[in-house]
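Asks: run-v9.txt is the file, holding compact mmCIF, C-alpha atoms and all ligand atoms:
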# COMPACT_ATOMS: atom_id res chain seq x y z
CA MET A 107 -32.81 3.23 -20.90
CA ARG A 108 -30.04 0.65 -20.57
CA GLU A 109 -28.54 0.21 -17.10
CA TYR A 110 -24.81 0.73 -16.65
CA SER A 111 -22.96 -2.33 -15.37
CA PRO A 112 -19.21 -2.62 -14.83
CA LEU A 113 -17.14 -5.01 -16.95
CA PRO A 114 -16.44 -8.40 -15.34
CA PHE A 115 -13.48 -8.36 -12.97
CA ASP A 116 -12.32 -11.86 -12.10
CA GLN A 117 -11.00 -15.01 -13.71
CA THR A 118 -12.32 -17.68 -11.35
CA ASP A 119 -15.35 -18.27 -9.14
CA ASP A 120 -13.13 -18.30 -6.03
CA GLN A 121 -11.82 -14.86 -6.94
CA ALA A 122 -15.32 -13.54 -7.54
CA ASP A 123 -16.38 -14.97 -4.15
CA LEU A 124 -13.42 -13.34 -2.42
CA ARG A 125 -14.29 -9.99 -4.00
CA SER A 126 -17.93 -10.21 -2.95
CA MET A 127 -16.92 -11.16 0.60
CA VAL A 128 -14.78 -8.01 0.91
CA ARG A 129 -17.54 -5.92 -0.66
CA SER A 130 -20.16 -7.20 1.72
CA ILE A 131 -18.00 -6.37 4.79
CA LEU A 132 -17.37 -2.90 3.35
CA GLU A 133 -21.04 -2.33 2.58
CA GLN A 134 -21.90 -3.20 6.16
CA LEU A 135 -19.16 -1.30 7.98
CA ALA A 136 -17.53 1.24 5.68
CA THR A 137 -20.56 3.41 5.11
CA PRO A 138 -19.96 6.81 3.46
CA GLN A 139 -20.64 8.52 6.79
CA ARG A 140 -18.21 6.30 8.68
CA LEU A 141 -15.50 6.80 6.03
CA SER A 142 -15.96 10.52 6.21
CA GLU A 143 -15.81 10.47 10.05
CA THR A 144 -12.61 8.43 10.24
CA ASP A 145 -11.03 10.76 7.67
CA GLU A 146 -12.15 13.89 9.56
CA ASN A 147 -11.19 12.54 12.97
CA GLU A 148 -7.96 11.02 11.67
CA ALA A 149 -8.86 7.74 13.37
CA PHE A 150 -8.04 4.18 12.42
CA ASP A 151 -11.18 2.08 11.94
CA GLU A 152 -10.46 -0.75 14.39
CA GLU A 153 -13.87 -2.36 13.94
CA LEU A 154 -13.52 -2.57 10.18
CA TYR A 155 -9.98 -3.92 10.44
CA ALA A 156 -11.08 -6.55 12.98
CA ALA A 157 -13.95 -7.69 10.75
CA LEU A 158 -11.64 -8.01 7.74
CA ALA A 159 -8.98 -9.91 9.71
CA GLU A 160 -11.54 -12.19 11.39
CA SER A 161 -12.81 -13.10 7.92
CA GLY A 162 -9.31 -14.37 7.10
CA LEU A 163 -8.38 -11.52 4.76
CA VAL A 164 -4.93 -10.91 6.26
CA GLN A 165 -4.10 -14.60 6.07
CA LEU A 166 -5.82 -15.51 2.76
CA GLU A 167 -4.15 -18.75 1.53
CA GLY A 168 -1.12 -18.15 3.79
CA ASP A 169 -0.18 -20.47 6.62
CA LEU A 170 2.07 -20.47 9.67
CA ASP A 171 4.10 -23.25 8.05
CA GLY A 172 5.38 -20.70 5.53
CA THR A 173 2.82 -21.14 2.75
CA PRO A 174 2.43 -17.73 1.07
CA ALA A 175 -0.82 -16.04 0.09
CA SER A 176 -1.37 -15.54 -3.62
CA HIS A 177 -0.67 -12.17 -5.23
CA GLU A 178 -3.93 -12.43 -7.12
CA SER A 179 -5.96 -12.73 -3.91
CA GLN A 180 -4.10 -9.88 -2.22
CA ALA A 181 -4.74 -7.69 -5.27
CA ILE A 182 -8.48 -8.38 -5.13
CA VAL A 183 -8.73 -7.47 -1.43
CA LEU A 184 -6.64 -4.33 -1.92
CA GLU A 185 -8.54 -3.10 -4.97
CA GLU A 186 -11.82 -3.36 -3.08
CA LEU A 187 -10.41 -1.63 0.01
CA GLY A 188 -8.79 1.07 -2.15
CA ALA A 189 -12.11 1.79 -3.87
CA THR A 190 -13.76 2.42 -0.51
CA ALA A 191 -11.67 2.56 2.69
CA THR A 192 -8.38 3.90 1.33
CA SER A 193 -6.56 4.18 4.68
CA THR A 194 -7.48 0.63 5.65
CA ALA A 195 -6.13 -0.43 2.26
CA VAL A 196 -2.79 1.20 3.07
CA SER A 197 -2.68 -0.61 6.41
CA PHE A 198 -3.33 -3.89 4.58
CA VAL A 199 -0.42 -3.22 2.22
CA VAL A 200 1.84 -2.93 5.28
CA GLN A 201 0.37 -6.08 6.86
CA TYR A 202 0.82 -8.07 3.64
CA MET A 203 4.44 -6.96 3.49
CA ALA A 204 5.00 -8.10 7.08
CA VAL A 205 3.26 -11.40 6.30
CA THR A 206 5.55 -11.93 3.30
CA LEU A 207 8.73 -11.09 5.21
CA LEU A 208 7.79 -13.32 8.14
CA THR A 209 6.68 -16.13 5.84
CA GLN A 210 9.87 -16.01 3.80
CA HIS A 211 12.41 -15.22 6.49
CA GLY A 212 10.88 -15.87 9.93
CA THR A 213 11.99 -18.77 12.12
CA PRO A 214 9.18 -21.06 13.34
CA ALA A 215 9.34 -19.27 16.75
CA GLN A 216 9.10 -15.82 15.09
CA ARG A 217 6.17 -16.97 12.97
CA ASP A 218 4.35 -18.25 16.07
CA ARG A 219 4.95 -15.05 17.98
CA PHE A 220 4.37 -12.46 15.26
CA LEU A 221 2.64 -14.06 12.27
CA GLY A 222 -0.10 -16.00 14.09
CA PRO A 223 -1.53 -12.91 15.84
CA LEU A 224 -1.10 -10.92 12.61
CA PHE A 225 -3.29 -13.41 10.75
CA GLU A 226 -5.90 -13.21 13.51
CA GLY A 227 -5.91 -9.41 13.66
CA ALA A 228 -4.69 -9.48 17.29
CA HIS A 229 -1.87 -7.07 16.43
CA ARG A 230 -0.55 -5.16 13.43
CA ALA A 231 2.90 -4.49 12.03
CA ALA A 232 4.58 -1.24 11.05
CA PHE A 233 7.41 -1.33 8.52
CA ALA A 234 10.22 1.11 9.34
CA LEU A 235 12.62 1.70 6.49
CA THR A 236 12.49 5.37 5.40
CA GLU A 237 14.58 7.92 7.30
CA PRO A 238 14.68 11.72 7.51
CA GLY A 239 17.78 11.75 5.30
CA GLY A 240 16.54 9.46 2.55
CA GLY A 241 13.67 7.56 0.99
CA THR A 242 14.54 6.50 -2.54
CA ASP A 243 18.23 6.24 -1.65
CA VAL A 244 17.64 5.09 1.91
CA ALA A 245 20.31 2.38 1.98
CA ARG A 246 23.09 4.92 1.39
CA ALA A 247 21.49 7.48 3.72
CA MET A 248 20.65 5.06 6.54
CA LYS A 249 21.77 6.32 9.96
CA THR A 250 19.82 3.87 12.11
CA ARG A 251 22.37 1.48 13.60
CA ALA A 252 22.23 -1.78 15.50
CA THR A 253 25.36 -2.85 17.35
CA ARG A 254 26.12 -6.25 18.86
CA ASN A 255 26.09 -6.57 22.66
CA ALA A 256 28.43 -8.83 24.61
CA ASP A 257 25.56 -11.29 25.25
CA GLY A 258 24.90 -11.71 21.52
CA GLY A 259 21.89 -9.35 21.51
CA TRP A 260 21.68 -5.91 19.86
CA THR A 261 21.24 -2.23 20.71
CA LEU A 262 19.24 -0.20 18.24
CA ASN A 263 19.58 3.58 17.77
CA GLY A 264 18.18 5.89 15.12
CA ALA A 265 15.15 7.65 13.66
CA LYS A 266 12.63 6.65 11.02
CA MET A 267 10.15 8.86 9.22
CA TRP A 268 6.78 8.47 7.43
CA ILE A 269 6.03 5.17 9.15
CA SER A 270 2.43 4.05 8.58
CA GLY A 271 0.39 2.86 11.53
CA ALA A 272 3.20 3.26 14.10
CA THR A 273 0.90 4.68 16.78
CA ASP A 274 -1.09 1.49 17.16
CA CYS A 275 1.10 -1.34 15.92
CA GLY A 276 2.11 -4.35 17.99
CA PHE A 277 5.59 -4.59 16.48
CA PHE A 278 7.95 -2.96 14.01
CA ILE A 279 10.05 -4.46 11.29
CA VAL A 280 13.02 -2.09 11.43
CA LEU A 281 15.91 -1.92 8.99
CA ALA A 282 19.19 -0.87 10.56
CA ARG A 283 22.78 -0.70 9.43
CA THR A 284 24.82 -3.44 11.10
CA SER A 285 28.01 -3.18 9.01
CA PRO A 286 29.66 -0.26 7.20
CA ILE A 287 29.05 0.25 3.47
CA GLU A 288 31.51 -1.79 1.46
CA GLY A 289 30.80 -1.67 -2.25
CA SER A 290 27.02 -1.74 -2.67
CA ALA A 291 25.05 0.33 -0.11
CA VAL A 292 22.34 -2.34 0.11
CA GLY A 293 24.72 -4.69 1.95
CA GLY A 294 25.35 -4.44 5.70
CA ILE A 295 21.71 -3.81 6.65
CA THR A 296 19.65 -6.14 8.87
CA MET A 297 15.91 -6.52 9.58
CA PHE A 298 14.80 -6.56 13.22
CA LEU A 299 11.51 -7.54 14.83
CA VAL A 300 10.94 -4.94 17.54
CA PRO A 301 7.96 -5.09 19.94
CA ALA A 302 6.24 -1.70 19.97
CA ASP A 303 6.39 -1.53 23.78
CA ALA A 304 10.17 -2.02 23.97
CA PRO A 305 11.76 0.67 26.19
CA GLY A 306 13.44 3.47 24.21
CA ILE A 307 10.87 3.79 21.39
CA THR A 308 9.15 7.12 20.77
CA VAL A 309 6.38 7.66 18.22
CA ASN A 310 5.19 11.08 17.03
CA GLU A 311 2.35 11.44 14.60
CA MET A 312 3.10 13.65 11.59
CA ASP A 313 0.67 16.21 10.19
CA THR A 314 -0.17 15.06 6.65
CA VAL A 315 -2.91 16.00 4.17
CA ALA A 316 -3.80 12.44 3.17
CA ILE A 317 -4.39 8.88 4.41
CA HIS A 318 -6.04 10.33 7.49
CA GLY A 319 -7.47 7.01 8.66
CA LEU A 320 -3.98 5.66 9.37
CA SER A 321 -1.26 7.40 11.35
CA THR A 322 1.95 8.47 9.61
CA CYS A 323 4.76 8.79 12.11
CA GLU A 324 8.28 9.65 13.11
CA VAL A 325 9.71 6.82 15.18
CA GLY A 326 12.79 7.14 17.39
CA PHE A 327 14.89 4.27 18.76
CA ALA A 328 17.14 5.22 21.70
CA ASP A 329 19.25 2.37 23.07
CA VAL A 330 16.53 -0.19 22.37
CA VAL A 331 17.90 -3.51 23.62
CA LEU A 332 16.98 -6.57 21.56
CA GLY A 333 17.75 -10.26 21.84
CA ASP A 334 19.59 -12.15 19.12
CA ASP A 335 16.22 -13.69 18.18
CA ALA A 336 15.05 -10.23 17.05
CA VAL A 337 16.96 -10.62 13.77
CA LEU A 338 14.54 -11.39 10.92
CA GLY A 339 16.32 -13.15 8.09
CA ASP A 340 20.08 -12.89 7.78
CA VAL A 341 22.42 -10.40 9.42
CA ASP A 342 23.69 -7.85 6.85
CA ARG A 343 21.34 -9.15 4.14
CA GLY A 344 18.11 -7.49 5.34
CA PHE A 345 17.86 -4.86 2.61
CA ARG A 346 18.45 -7.45 -0.09
CA GLN A 347 15.76 -9.60 1.51
CA VAL A 348 13.35 -6.65 1.45
CA ILE A 349 14.22 -5.98 -2.21
CA GLY A 350 13.25 -9.61 -2.83
CA THR A 351 9.70 -8.78 -1.74
CA LEU A 352 9.49 -5.54 -3.71
CA ASN A 353 7.69 -7.16 -6.58
CA GLY A 354 4.76 -7.98 -4.30
CA GLU A 355 4.90 -4.42 -2.97
CA ARG A 356 4.59 -2.99 -6.45
CA LEU A 357 1.61 -5.23 -7.15
CA ASN A 358 -0.05 -4.31 -3.88
CA ALA A 359 0.54 -0.59 -4.36
CA ALA A 360 -0.88 -0.94 -7.89
CA ALA A 361 -3.97 -2.69 -6.51
CA VAL A 362 -4.76 0.10 -4.03
CA ALA A 363 -4.12 2.79 -6.66
CA LEU A 364 -6.42 0.90 -9.03
CA GLY A 365 -9.07 0.80 -6.30
CA ILE A 366 -8.75 4.55 -5.73
CA ALA A 367 -9.11 5.13 -9.48
CA ARG A 368 -12.26 3.01 -9.55
CA GLY A 369 -13.72 4.63 -6.44
CA ALA A 370 -13.18 8.12 -7.87
CA HIS A 371 -14.47 7.09 -11.30
CA ASP A 372 -17.66 5.61 -9.84
CA ALA A 373 -18.22 8.67 -7.65
CA ALA A 374 -17.81 10.98 -10.67
CA LEU A 375 -20.14 8.87 -12.80
CA ASP A 376 -22.75 9.05 -10.09
CA TYR A 377 -22.39 12.80 -9.83
CA VAL A 378 -22.54 13.62 -13.56
CA ARG A 379 -25.76 11.63 -13.91
CA GLY A 380 -27.50 13.63 -11.19
CA ARG A 381 -26.16 17.17 -11.62
CA GLU A 382 -27.82 19.33 -14.26
CA ALA A 383 -26.65 22.39 -16.22
CA PHE A 384 -28.26 24.05 -19.24
CA GLY A 385 -31.29 21.80 -18.81
CA ARG A 386 -29.52 18.44 -18.95
CA PRO A 387 -27.32 16.19 -16.88
CA ILE A 388 -23.69 17.33 -17.06
CA GLY A 389 -22.86 13.73 -18.09
CA GLY A 390 -24.37 14.70 -21.46
CA PHE A 391 -21.46 17.06 -22.22
CA GLN A 392 -18.91 15.52 -24.50
CA VAL A 393 -15.84 16.76 -22.66
CA LEU A 394 -16.96 15.08 -19.43
CA GLN A 395 -17.84 11.89 -21.29
CA HIS A 396 -14.43 11.78 -22.95
CA ARG A 397 -12.65 12.19 -19.63
CA LEU A 398 -14.74 9.44 -18.05
CA VAL A 399 -14.04 7.11 -20.95
CA ASP A 400 -10.32 7.91 -20.72
CA GLU A 401 -10.48 6.92 -17.02
CA ALA A 402 -12.41 3.73 -17.80
CA VAL A 403 -9.76 2.70 -20.35
CA LYS A 404 -6.91 3.48 -17.93
CA ILE A 405 -8.63 1.51 -15.16
CA GLU A 406 -9.26 -1.57 -17.31
CA ALA A 407 -5.71 -1.41 -18.74
CA ALA A 408 -4.23 -1.16 -15.24
CA ARG A 409 -6.32 -4.08 -13.98
CA GLY A 410 -5.32 -6.14 -17.01
CA LEU A 411 -1.63 -5.52 -16.33
CA LEU A 412 -2.06 -6.11 -12.61
CA GLN A 413 -3.87 -9.43 -13.06
CA ARG A 414 -1.31 -10.58 -15.62
CA ALA A 415 1.62 -9.61 -13.40
CA ALA A 416 0.04 -11.25 -10.33
CA ARG A 417 -0.63 -14.45 -12.27
CA VAL A 418 2.94 -14.60 -13.55
CA ALA A 419 4.29 -13.91 -10.03
CA ASP A 420 2.04 -16.60 -8.51
CA ALA A 421 3.29 -19.08 -11.09
CA GLY A 422 6.89 -18.28 -10.03
CA GLY A 423 7.74 -16.40 -13.23
CA ALA A 424 9.70 -13.16 -13.68
CA ALA A 425 7.07 -10.50 -13.05
CA GLU A 426 9.21 -7.49 -12.13
CA THR A 427 8.71 -5.52 -15.33
CA LEU A 428 5.00 -6.32 -15.58
CA SER A 429 4.58 -5.36 -11.92
CA ALA A 430 6.41 -2.07 -12.39
CA MET A 431 4.22 -1.37 -15.44
CA ALA A 432 1.08 -2.25 -13.47
CA LYS A 433 2.15 0.13 -10.69
CA LEU A 434 2.74 2.97 -13.17
CA ALA A 435 -0.53 2.31 -15.01
CA ALA A 436 -2.54 2.18 -11.78
CA SER A 437 -0.91 5.29 -10.36
CA GLU A 438 -1.67 7.12 -13.63
CA ALA A 439 -5.27 5.86 -13.56
CA ALA A 440 -5.69 7.09 -9.98
CA THR A 441 -4.24 10.56 -10.57
CA THR A 442 -6.26 10.94 -13.79
CA ALA A 443 -9.55 9.74 -12.28
CA THR A 444 -9.20 11.91 -9.18
CA GLU A 445 -8.12 15.02 -11.09
CA ASN A 446 -10.95 14.59 -13.63
CA GLY A 447 -13.35 13.75 -10.81
CA MET A 448 -12.56 17.02 -9.05
CA ARG A 449 -13.13 18.93 -12.30
CA ALA A 450 -16.41 17.13 -13.02
CA MET A 451 -17.74 18.07 -9.61
CA GLY A 452 -16.98 21.78 -9.81
CA GLY A 453 -17.33 23.37 -6.35
CA SER A 454 -18.71 20.15 -4.88
CA GLY A 455 -15.28 18.61 -5.38
CA LEU A 456 -14.03 20.65 -2.45
CA SER A 457 -16.94 19.64 -0.22
CA ARG A 458 -16.16 17.09 2.46
CA GLU A 459 -19.69 15.81 1.93
CA TYR A 460 -18.36 13.89 -1.08
CA PRO A 461 -15.55 11.31 -1.06
CA MET A 462 -13.86 12.77 -4.16
CA GLN A 463 -11.56 15.10 -2.22
CA ARG A 464 -10.41 12.14 -0.07
CA PHE A 465 -9.65 10.02 -3.14
CA TRP A 466 -7.85 13.01 -4.69
CA ARG A 467 -5.66 13.49 -1.59
CA ASP A 468 -5.08 9.78 -0.97
CA ALA A 469 -4.18 9.04 -4.61
CA ARG A 470 -0.92 10.95 -4.13
CA LEU A 471 0.57 8.24 -1.90
CA TYR A 472 1.03 5.62 -4.56
CA THR A 473 2.73 8.01 -6.96
CA PHE A 474 5.80 7.76 -4.68
CA ALA A 475 5.37 4.76 -2.35
CA PRO A 476 6.82 2.28 -1.80
CA LEU A 477 9.05 3.50 -4.65
CA THR A 478 8.46 6.61 -6.73
CA ASP A 479 6.97 6.39 -10.22
CA GLU A 480 10.23 7.88 -11.48
CA MET A 481 12.17 4.95 -9.99
CA MET A 482 9.66 2.49 -11.50
CA THR A 483 10.34 4.11 -14.86
CA ASN A 484 14.10 3.91 -14.28
CA PHE A 485 13.67 0.21 -13.49
CA ILE A 486 11.77 -0.50 -16.72
CA ALA A 487 14.29 1.46 -18.81
CA GLU A 488 17.22 -0.41 -17.30
CA HIS A 489 15.85 -3.93 -16.91
CA HIS A 490 13.31 -4.22 -19.73
CA LEU A 491 14.64 -1.89 -22.40
CA VAL A 492 18.24 -2.66 -21.38
CA LEU A 493 19.25 1.01 -21.55
CA PRO A 494 22.14 2.34 -19.42
CA ARG A 495 21.20 3.05 -15.80
CA SER A 496 20.24 6.73 -15.73
CA TYR A 497 21.31 7.55 -12.15
C1 LIG B 1 1.69 8.69 3.97
C2 LIG B 1 3.03 8.00 3.83
C3 LIG B 1 3.19 6.72 4.31
C4 LIG B 1 4.43 6.09 4.24
N1 LIG B 1 4.59 4.85 4.83
C5 LIG B 1 5.84 4.35 4.94
C6 LIG B 1 6.07 3.19 5.77
O1 LIG B 1 5.14 2.61 6.34
N2 LIG B 1 7.35 2.73 5.89
C7 LIG B 1 8.40 3.35 5.28
O2 LIG B 1 9.53 2.87 5.45
N3 LIG B 1 8.21 4.44 4.48
C8 LIG B 1 6.97 4.95 4.32
N4 LIG B 1 6.76 6.08 3.57
C9 LIG B 1 7.90 6.70 2.87
C10 LIG B 1 7.87 6.47 1.35
O3 LIG B 1 8.20 5.13 1.08
C11 LIG B 1 8.86 7.48 0.74
O4 LIG B 1 8.22 8.74 0.78
C12 LIG B 1 9.27 7.09 -0.68
O5 LIG B 1 10.12 5.99 -0.66
C13 LIG B 1 9.97 8.26 -1.41
O6 LIG B 1 11.02 8.74 -0.63
P1 LIG B 1 11.14 10.33 -0.32
O7 LIG B 1 9.81 10.83 0.09
O8 LIG B 1 12.27 10.49 0.61
O9 LIG B 1 11.46 10.98 -1.72
P2 LIG B 1 12.93 11.24 -2.31
O10 LIG B 1 13.72 9.99 -2.31
O11 LIG B 1 13.53 12.43 -1.64
O12 LIG B 1 12.58 11.62 -3.82
C14 LIG B 1 12.13 12.94 -4.18
C15 LIG B 1 12.01 13.02 -5.70
O13 LIG B 1 13.28 12.75 -6.32
C16 LIG B 1 13.09 11.75 -7.32
N5 LIG B 1 14.28 10.92 -7.49
C17 LIG B 1 15.10 10.44 -6.52
N6 LIG B 1 16.05 9.65 -7.08
C18 LIG B 1 15.81 9.62 -8.42
C19 LIG B 1 16.41 8.99 -9.53
N7 LIG B 1 17.47 8.21 -9.40
N8 LIG B 1 15.88 9.17 -10.76
C20 LIG B 1 14.77 9.97 -10.91
N9 LIG B 1 14.15 10.60 -9.91
C21 LIG B 1 14.66 10.42 -8.68
C22 LIG B 1 11.94 10.91 -6.80
O14 LIG B 1 11.36 10.12 -7.84
C23 LIG B 1 11.01 11.98 -6.26
O15 LIG B 1 10.28 12.56 -7.31
C24 LIG B 1 5.52 6.73 3.59
C25 LIG B 1 5.34 8.01 3.08
C26 LIG B 1 4.14 8.67 3.22
C27 LIG B 1 4.01 10.09 2.74
What does the file become when written as structure tokens?
Replies:
Amino acid sequence: MREYSPLPFDQTDDQADLRSMVRSILEQLATPQRLSETDENEAFDEELYAALAESGLVQLEGDLDGTPASHESQAIVLEELGATATSTAVSFVVQYMAVTLLTQHGTPAQRDRFLGPLFEGAHRAAFALTEPGGGTDVARAMKTRATRNADGGWTLNGAKMWISGATDCGFFIVLARTSPIEGSAVGGITMFLVPADAPGITVNEMDTVAIHGLSTCEVGFADVVLGDDAVLGDVDRGFRQVIGTLNGERLNAAAVALGIARGAHDAALDYVRGREAFGRPIGGFQVLQHRLVDEAVKIEAARGLLQRAARVADAGGAAETLSAMAKLAASEAATTATENGMRAMGGSGLSREYPMQRFWRDARLYTFAPLTDEMMTNFIAEHHLVLPRSY
């Protein structure tokens, strides 16, 4: 009988090498048992993260002088992590965002202090934007405030919610309102670099059903005193500067969702080959085959869009619409592959012995983060189809 082999993934030899490097670290350290343990124990896999960072996978082609990493490389790393160690993948999305913000907006001193150790894996970032009162519309709802002190520094007060990796980060990138809303709500907000051990910070882990290998937290800031050098980028332009990196965020979210889709698809394929009913493997039943083919098409289509969008973005072109499409396609592939996967596995889908239930839970994240699929769709309608803004 013919052996199944996946379609080719990459355009260049360097990309194929990068993918096999990530795979070989995962094969060594992210064993099924270890993945299941970190999920059960709700523990971050420090050893895996350290091995990935030491291999240069946070830094990639980036440099302290402000050279950015390529979107294509980030997408490869994130797809592989998403297909295996989903929580570590989510942490990497946060780290890549911090790398981008520091690369684009950090002063040389800020890059030395925060970016160098980030590249090395000596500390991690947490990105604190969302608040109890608002996610999608966070700029208008933002209650976190930073006020100027007489010495030119700042005092930060407020509360953030759903912050990934806040329990064990070295620093936060916090968005806070520094001027009242005048006209557009996205103005008057500033980014701050806040060391995690600054007095006045409290972190409480939230009880969630997914992404168990990375903490999700409420973070409080009570009279946290910061120097003037804590401002990342420009005062009052922080939200706009974050929006400027959103394209990369969409691509990176798409890459993890694509990985989850692939991980779930592969796990289902494995299962339907081995499980028998009515004297034959369940993979012989047409309905299961059709679902698996539907997943395979969605996965390949999402990867095609993702690679195209990443290539356009790396070449400096306008990739926003392609990136939003890639994010929607990958999120759809992940929810389809995990839902079908659960069905294909019958009762075994609910067993923690198999990774399917973890993929199924974790796939939810990228239907709404960093922006919801509904907002992605709004974006495409408004900016690509040039229809009136619907909200
Ligand atoms: C596990 C996890 C990790 C996270 N990590 C981080 C993190 O590290 N940092 C951080 O800052 N945030 C983080 N978030 C927050 C995440 O970014 C938000 O959940 C997301 O932005 C959506 O916001 P919301 O949950 O408040 O949903 P809401 O904004 O309340 O939206 C609820 C629903 O209303 C819909 N809706 C809202 N406005 C419109 C509109 N105009 N048109 C159509 N539909 C609309 C949405 O699409 C959605 O379906 C995380 C969340 C989770 C669960």
Asks: At a cut-off of 9 Å, using all atoms listed in the file, what residues contact region 210-215 of chain A? Leave out same-chain residues fewer than 5 positions from it and give the result as a list in words.
Replies: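 In the requested format, the answer is Leu170, Asp171, Gly172, Thr173, Pro174, Val205, Phe220, Leu221, Asp335, Val337, Leu338, Gly339, Asp340 and Gln347 of chain A.
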Asks: Which residues are near ligand LIG 1 (chain B) - at most 8 Å, using all atoms listed in the file? Format: as a ChimeraX atom specification.
Replies: /A:200,232-244,266-271,314,316-317,322,471,474-481,484,496-497
Asks: Can you report as AutoDock Vina command-line options the centre and edge lengths in Å, to one decimal, of an axis-aligned box around the listed atoms of region 173-180 of chain A padded with 8 Å on each side?
Replies:
--center_x -1.6 --center_y -15.5 --center_z -2.2 --size_x 24.8 --size_y 27.3 --size_z 25.9
Asks: So what do you get for CA of Glu185 (chain A) versus CA of Glu143 (chain A), distance-wise?
Replies: 21.5 Å
Asks: With a distance cut-off of 12 Å and only C-alpha atoms, select the neighbouring residues of Phe115 (chain A), excluding the residue or stretch itself and same-chain residues fewer than 6 positions from it, and output the selection as a list in words.
Replies: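 The neighbour list is Gln121, Ala122, Asp123, Leu124, Arg125, Ser126, Glu178, Ala181, Ile182, Glu185, Glu186, Arg368, Ile405, Glu406, Ala407, Ala408, Arg409, Gly410, Leu412 and Gln413 of chain A.
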Asks: In Å, rounded to a single decimal, give me how far CA of Gln463 (chain A) is from CA of Arg449 (chain A).
Replies: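 Computed distance, CA of Arg449 (chain A) to CA of Gln463 (chain A), equals 10.9 Å.
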Asks: If I only have part of region 324-328 of chain A, can you fill in all heavy atoms and write it as a PDB file, keeping the file's coordinate frame?
Replies:
ATOM      1  N   GLU A 324       6.837   9.703  12.862  1.00  0.00           N
ATOM      2  CA  GLU A 324       8.280   9.650  13.110  1.00  0.00           C
ATOM      3  C   GLU A 324       8.482   8.664  14.261  1.00  0.00           C
ATOM      4  O   GLU A 324       7.726   8.698  15.233  1.00  0.00           O
ATOM      5  CB  GLU A 324       8.790  11.009  13.590  1.00  0.00           C
ATOM      6  CG  GLU A 324       8.724  12.089  12.543  1.00  0.00           C
ATOM      7  CD  GLU A 324       8.999  13.466  13.151  1.00  0.00           C
ATOM      8  OE1 GLU A 324       8.662  13.694  14.324  1.00  0.00           O
ATOM      9  OE2 GLU A 324       9.532  14.296  12.416  1.00  0.00           O
ATOM     10  N   VAL A 325       9.461   7.808  14.123  1.00  0.00           N
ATOM     11  CA  VAL A 325       9.710   6.820  15.180  1.00  0.00           C
ATOM     12  C   VAL A 325      11.186   6.912  15.580  1.00  0.00           C
ATOM     13  O   VAL A 325      12.069   6.854  14.723  1.00  0.00           O
ATOM     14  CB  VAL A 325       9.389   5.386  14.686  1.00  0.00           C
ATOM     15  CG1 VAL A 325       9.538   4.390  15.838  1.00  0.00           C
ATOM     16  CG2 VAL A 325       7.973   5.304  14.113  1.00  0.00           C
ATOM     17  N   GLY A 326      11.420   7.075  16.897  1.00  0.00           N
ATOM     18  CA  GLY A 326      12.790   7.140  17.390  1.00  0.00           C
ATOM     19  C   GLY A 326      13.154   5.871  18.155  1.00  0.00           C
ATOM     20  O   GLY A 326      12.307   5.289  18.844  1.00  0.00           O
ATOM     21  N   PHE A 327      14.385   5.435  18.022  1.00  0.00           N
ATOM     22  CA  PHE A 327      14.890   4.270  18.760  1.00  0.00           C
ATOM     23  C   PHE A 327      16.124   4.733  19.535  1.00  0.00           C
ATOM     24  O   PHE A 327      17.136   5.104  18.933  1.00  0.00           O
ATOM     25  CB  PHE A 327      15.274   3.132  17.799  1.00  0.00           C
ATOM     26  CG  PHE A 327      14.115   2.675  16.945  1.00  0.00           C
ATOM     27  CD1 PHE A 327      13.912   3.209  15.672  1.00  0.00           C
ATOM     28  CD2 PHE A 327      13.221   1.726  17.412  1.00  0.00           C
ATOM     29  CE1 PHE A 327      12.846   2.807  14.885  1.00  0.00           C
ATOM     30  CE2 PHE A 327      12.134   1.310  16.627  1.00  0.00           C
ATOM     31  CZ  PHE A 327      11.951   1.857  15.368  1.00  0.00           C
ATOM     32  N   ALA A 328      16.019   4.767  20.875  1.00  0.00           N
ATOM     33  CA  ALA A 328      17.140   5.220  21.700  1.00  0.00           C
ATOM     34  C   ALA A 328      17.578   4.078  22.603  1.00  0.00           C
ATOM     35  O   ALA A 328      16.868   3.722  23.549  1.00  0.00           O
ATOM     36  CB  ALA A 328      16.725   6.433  22.535  1.00  0.00           C
TER      37      ALA A 328
END
